[in-house]
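Please read the structure below before turning to the comments.
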Amino acid sequence: MRAWQVGDVMTRDVATVVEATPYRKIVDVLADRRVSAVPVVDDFGHVRGVVSEADLLHKVEWMGEPHERRVFERPRQRRARLKGEAGIARDLMSAPAVTTFPHTSLVAAAKLMDREQVKRLPVVDDLGRIVGVVTRGDLLRVHLRPDADIRDDVVQEVLLRVLAVREGTVRVEVHDGVVSMTGRLDQRSAVDIAGRLAARVSGVVEVVNDLGYDFDDTHLPTFPSFPGRPAGVA
């Protein structure tokens with residue numbers, strides 16, 4: 001069962017700038033491409049950093065303010081002042097850039113964005129060269145999958161291929177990404193596995209697992225092990 005990856009949802013036509021790109025040109029790129037940030041790359045396409053609207057706004061914030069260093073200036077204030085003075089991408093960008101790979105799962109990418117408190121990730125190949133950009137909105141596209149496609153994955157990949165459940169044994173319905181499963185399986189462990197795997201299908205919002213079972217195999221008795229004997233042998 002293949003879950004969606006960053007490469008399935010990322011934007012491949014990426015606007016970039018180089019370290020020497022001037023402030024005004026960066027503003028023009030953001031406006032023309034209708035994006036809120038742009039990766040900064042070197043001559044070989046390696047990502048060096050990212051310039052966002054937040055980085056650019058420091059110049060507006062410091063407009064008309066004296067740029068000399070203040071006494072007891074906090075690190076955050078110093079960074080803001082320096083970016084307010086900056087005129088090219090090298091001095092404006094946030095670096096190093098937080099990047100990801102095309103084969104990264106959407107779950108891992110979402111966790112990375114949350115941990116690093118960023119709204120987008122440049123996507124790079126194994127050599128660090130940019131191949132795309134993925135945003136928070138891109139990650140949400142997985143939940144635009146049609147219910148019929150989600151149901152097909154649950155039935156074909158989870159029930160038939162992994163669990164080898166006889167066709168028609170389990171009734172699967174999907175509404176707005178919510179998967180409902182009813183029916184009866186032989187073992188409780190199979191019911192648990194069906195629920196966990198269904199939840200991993202791309203586009204699933206929630207799983208309502210109403211499957212019953214004939215035998216609870218999750219509490220089988222165990223035998224104490226004795227010296228010189230394999231565990232489970234009396």
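Labels for the structure tokens follow display order: chains A, B, ..., residues from 1 in each chain, ligands from 1.
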From a backbone DSSP assignment, name each residue in chain A labelled strand (DSSP E), as an MDAnalysis selection string.
chainID A and resid 17:18 37:41 47:52 120:124 130:135 170:175 178:187 206:215
Restricting the output to C-alpha atoms, write the selected residues as a compact mmCIF listing (two decimals), in the first residue's frame.
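Result file out.txt:
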```txt
# COMPACT_ATOMS: atom_id res chain seq x y z
CA VAL A 17 16.52 33.88 -6.81
CA VAL A 18 20.28 33.92 -6.33
CA ALA A 37 8.48 33.09 -0.22
CA VAL A 38 11.21 32.17 -2.66
CA PRO A 39 14.20 29.80 -2.31
CA VAL A 40 17.69 31.23 -2.74
CA VAL A 41 19.94 28.96 -4.82
CA VAL A 47 19.30 25.68 -1.81
CA ARG A 48 21.11 28.22 0.38
CA GLY A 49 18.15 29.76 2.14
CA VAL A 50 14.65 31.16 1.78
CA VAL A 51 13.46 34.76 1.58
CA SER A 52 9.89 35.21 2.80
CA ARG A 120 6.68 25.72 3.09
CA LEU A 121 9.60 23.42 2.37
CA PRO A 122 11.96 23.51 -0.61
CA VAL A 123 12.13 19.98 -2.04
CA VAL A 124 15.61 18.82 -3.03
CA ILE A 130 15.95 22.13 -5.81
CA VAL A 131 13.25 20.14 -7.61
CA GLY A 132 10.10 21.66 -6.12
CA VAL A 133 8.38 23.38 -3.21
CA VAL A 134 5.66 21.99 -0.95
CA THR A 135 3.36 24.20 1.14
CA VAL A 170 -16.61 -6.59 5.06
CA ARG A 171 -18.79 -3.69 4.04
CA VAL A 172 -16.82 -0.49 3.42
CA GLU A 173 -18.41 2.95 3.02
CA VAL A 174 -16.61 6.28 2.65
CA HIS A 175 -18.22 9.69 3.10
CA VAL A 178 -14.55 9.01 6.82
CA VAL A 179 -14.21 5.25 6.37
CA SER A 180 -16.83 2.99 7.98
CA MET A 181 -16.22 -0.77 8.13
CA THR A 182 -18.86 -3.30 9.21
CA GLY A 183 -18.86 -7.07 9.10
CA ARG A 184 -17.10 -9.87 10.94
CA LEU A 185 -13.59 -11.32 10.83
CA ASP A 186 -12.16 -14.47 12.37
CA GLN A 187 -9.69 -12.84 14.78
CA GLU A 206 -11.23 9.08 10.27
CA VAL A 207 -11.94 5.35 10.55
CA VAL A 208 -15.11 4.03 12.18
CA ASN A 209 -14.21 0.40 12.84
CA ASP A 210 -17.39 -1.54 13.65
CA LEU A 211 -15.97 -4.93 12.68
CA GLY A 212 -16.77 -7.86 14.93
CA TYR A 213 -14.65 -10.98 15.50
CA ASP A 214 -15.15 -14.64 16.39
CA PHE A 215 -12.00 -15.24 18.41
```
Pull the alpha helix (DSSP H) assignments for region 25-200 of chain A out of DSSP run on the backbone, and list those residues as a PyMOL selection string.
chain A and resi 25-33+53-61+75-85+89-92+106-116+136-140+147-153+188-199
Residue neighbourhood Arg188 (chain A), 6 Å, only C-alpha atoms, exclusion window fewer than 2 positions, as a PyMOL selection string:
chain A and resi 190-191+213+216
Generate a file of the selected residues that holds C-alpha atoms, formatted as a short mmCIF file (atom, residue, chain, number, x, y, z; two decimals), in the first residue's frame.
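File again_16.cif, as written:
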```cif
data_model
loop_
_atom_site.label_atom_id
_atom_site.label_comp_id
_atom_site.auth_asym_id
_atom_site.auth_seq_id
_atom_site.Cartn_x
_atom_site.Cartn_y
_atom_site.Cartn_z
CA ALA A 190 -7.21 -8.81 12.10
CA VAL A 191 -9.87 -6.27 13.13
CA TYR A 213 -14.65 -10.98 15.50
CA ASP A 216 -9.93 -12.95 20.62
#
```
Counting only C-alpha atoms, which residue out of A:Val35, A:Val27, A:Val201, A:Val9 sits closest to Asp153 (chain A)?
A:Val201
Compile the contact shell of Asp126 (chain A) as a compact mmCIF listing (two decimals) with C-alpha atoms, in the first residue's frame: residues with an atom at most 10 Å away, counting only C-alpha atoms, same-chain residues fewer than 3 positions apart removed.
```
# COMPACT_ATOMS: atom_id res chain seq x y z
CA PHE A 101 12.78 15.15 -0.33
CA PRO A 102 10.22 14.02 -2.95
CA ARG A 129 19.42 20.65 -5.81
CA ILE A 130 15.95 22.13 -5.81
```
Using only C-alpha atoms, which residues sit within 10 Å of region 112-115 of chain A once same-chain residues fewer than 4 positions away are excluded, as a ChimeraX atom specification?
/A:98-100,106-108,119-121,135-136
Long-range neighbours of region 155-168 of chain A as a compact mmCIF listing (two decimals) with N, CA and C atoms, in the first residue's frame, 7 Å cut-off, only C-alpha atoms, 4 positions minimum in chain:
```txt
# COMPACT_ATOMS: atom_id res chain seq x y z
N MET A 1 0.85 -1.19 0.00
CA MET A 1 0.00 0.00 0.00
C MET A 1 0.88 1.24 0.00
N ARG A 151 -12.09 4.35 -1.00
CA ARG A 151 -12.73 3.05 -0.74
C ARG A 151 -12.02 1.94 -1.50
N ALA A 194 -6.87 -4.09 10.41
CA ALA A 194 -7.70 -3.46 9.38
C ALA A 194 -7.94 -1.99 9.69
N LEU A 197 -4.47 0.02 9.28
CA LEU A 197 -4.05 0.18 7.89
C LEU A 197 -5.00 1.08 7.12
N ALA A 198 -6.28 0.99 7.40
CA ALA A 198 -7.25 1.86 6.72
C ALA A 198 -6.97 3.32 7.05
```
